Amino acid sequence: MKLVIFIILFLIAPVHYGTVGVNNVSISVGGNFNYITLGTNLGTDIEKKNNRQEYLGGGFDISLGHLYLSQDTLIHGMDTKLRFTMNFNNHSKIGGEKVQFPISYTSVFNTISFSLGTTYMIGTRVGTGRLMISVGGINIGYLTGTFKTELSSIISNVKTGNSFLIGIELPFGTQYIFDNGFSIGFSHHLDFAFGREMTDAKMTIDGDSSTITPNGSRLGSKESQENFLEYNLAVNVGYVFGK
């Protein structure tokens, strides 16, 4: 309810409440829809397909950055931002087939990522604001994750280790920036992870819980690693101000 009131106040605020200029600071928060696929690098093509894991879920992201907007009729924009993302993904499919786990069993893959990236946009004035459309961009950062399984009181956590993240910002994301600075829109991007080859894993046991921490990364391109592909669709609200 507070978020709804916050949005309404920004929408009805007079134009002079905030100033959108050429160089702006942008702040946004949003929710994600998230799809992850993991596949082994070992075996034949059929074995790789049969062992492919798929996860569906969602989460949130927070970003802070610099937004350049030209003052031409056709507006050119460069959106450069630091992004923090957390996603919580339920195990959905194995080898393309949907899996139905027992009621007492859960399997999830949770990820955390930090990235810095820039996206080129074009747009024009529409009504009382600017409508911007993403053309494309790139993000770099790092990603880590945890596979968590739970059966009754037995909990297991397997960490992926830290991986270098390369993200591609996809076209046709949109952002509408009101003259008072309030912004709303959506974006979508693909993320890939590459890490130092995993070697020995370390396990710690505490009661009914166990944790396995790899030396290196479980995600990458070596035979002991798994291919990682993540699709993120984010809806964001935020504020832009500058001069």
# chains A, B, ... in the order shown; residues from 1 in each chain; ligands from 1
>>> residues_around(residues="segment 117-120 of chain A", least_positions_apart="3", cutoff="9 Å", atoms="only C-alpha atoms", output="PyMOL selection string")
chain A and resi 76-83+133-141+167+169
>>> residues_around(residues="segment 67-69 of chain A", least_positions_apart="3", cutoff="12 Å", atoms="only C-alpha atoms", output="ChimeraX atom specification")
/A:20-28,63-64,72-82,117-125,130-132,175,177,181,183,239-243
>>> select_by_dssp(residues="segment 12-189 of chain A", states="helix (DSSP H, G or I)", output="VMD selection string")
chain A and resid 12 15 to 17 45 to 50
>>> residues_around(residues="Phe88 of chain A", least_positions_apart="3", cutoff="8 Å", atoms="only C-alpha atoms", output="PyMOL selection string")
chain A and resi 57-59+108-111
>>> write_last_selection(atoms="N, CA and C atoms", output="PDB file, in the first residue's frame")
ATOM      1  N   GLY A  57      11.926 -19.037 -11.247  1.00  0.00           N
ATOM      2  CA  GLY A  57      11.676 -18.319 -10.007  1.00  0.00           C
ATOM      3  C   GLY A  57      11.633 -16.823 -10.222  1.00  0.00           C
ATOM      4  N   GLY A  58      12.055 -16.106  -9.222  1.00  0.00           N
ATOM      5  CA  GLY A  58      12.031 -14.653  -9.286  1.00  0.00           C
ATOM      6  C   GLY A  58      12.808 -14.072  -8.132  1.00  0.00           C
ATOM      7  N   GLY A  59      12.850 -12.757  -8.077  1.00  0.00           N
ATOM      8  CA  GLY A  59      13.587 -12.085  -7.020  1.00  0.00           C
ATOM      9  C   GLY A  59      13.460 -10.582  -7.160  1.00  0.00           C
ATOM     10  N   VAL A 108      15.925 -26.004  -4.679  1.00  0.00           N
ATOM     11  CA  VAL A 108      15.965 -24.644  -5.212  1.00  0.00           C
ATOM     12  C   VAL A 108      17.412 -24.264  -5.538  1.00  0.00           C
ATOM     13  N   PHE A 109      17.561 -23.270  -6.406  1.00  0.00           N
ATOM     14  CA  PHE A 109      18.864 -22.705  -6.744  1.00  0.00           C
ATOM     15  C   PHE A 109      18.755 -21.200  -6.575  1.00  0.00           C
ATOM     16  N   ASN A 110      19.441 -20.664  -5.577  1.00  0.00           N
ATOM     17  CA  ASN A 110      19.392 -19.241  -5.286  1.00  0.00           C
ATOM     18  C   ASN A 110      20.681 -18.567  -5.751  1.00  0.00           C
ATOM     19  N   THR A 111      20.559 -17.394  -6.377  1.00  0.00           N
ATOM     20  CA  THR A 111      21.735 -16.701  -6.903  1.00  0.00           C
ATOM     21  C   THR A 111      21.802 -15.269  -6.397  1.00  0.00           C
TER      22      THR A 111
END
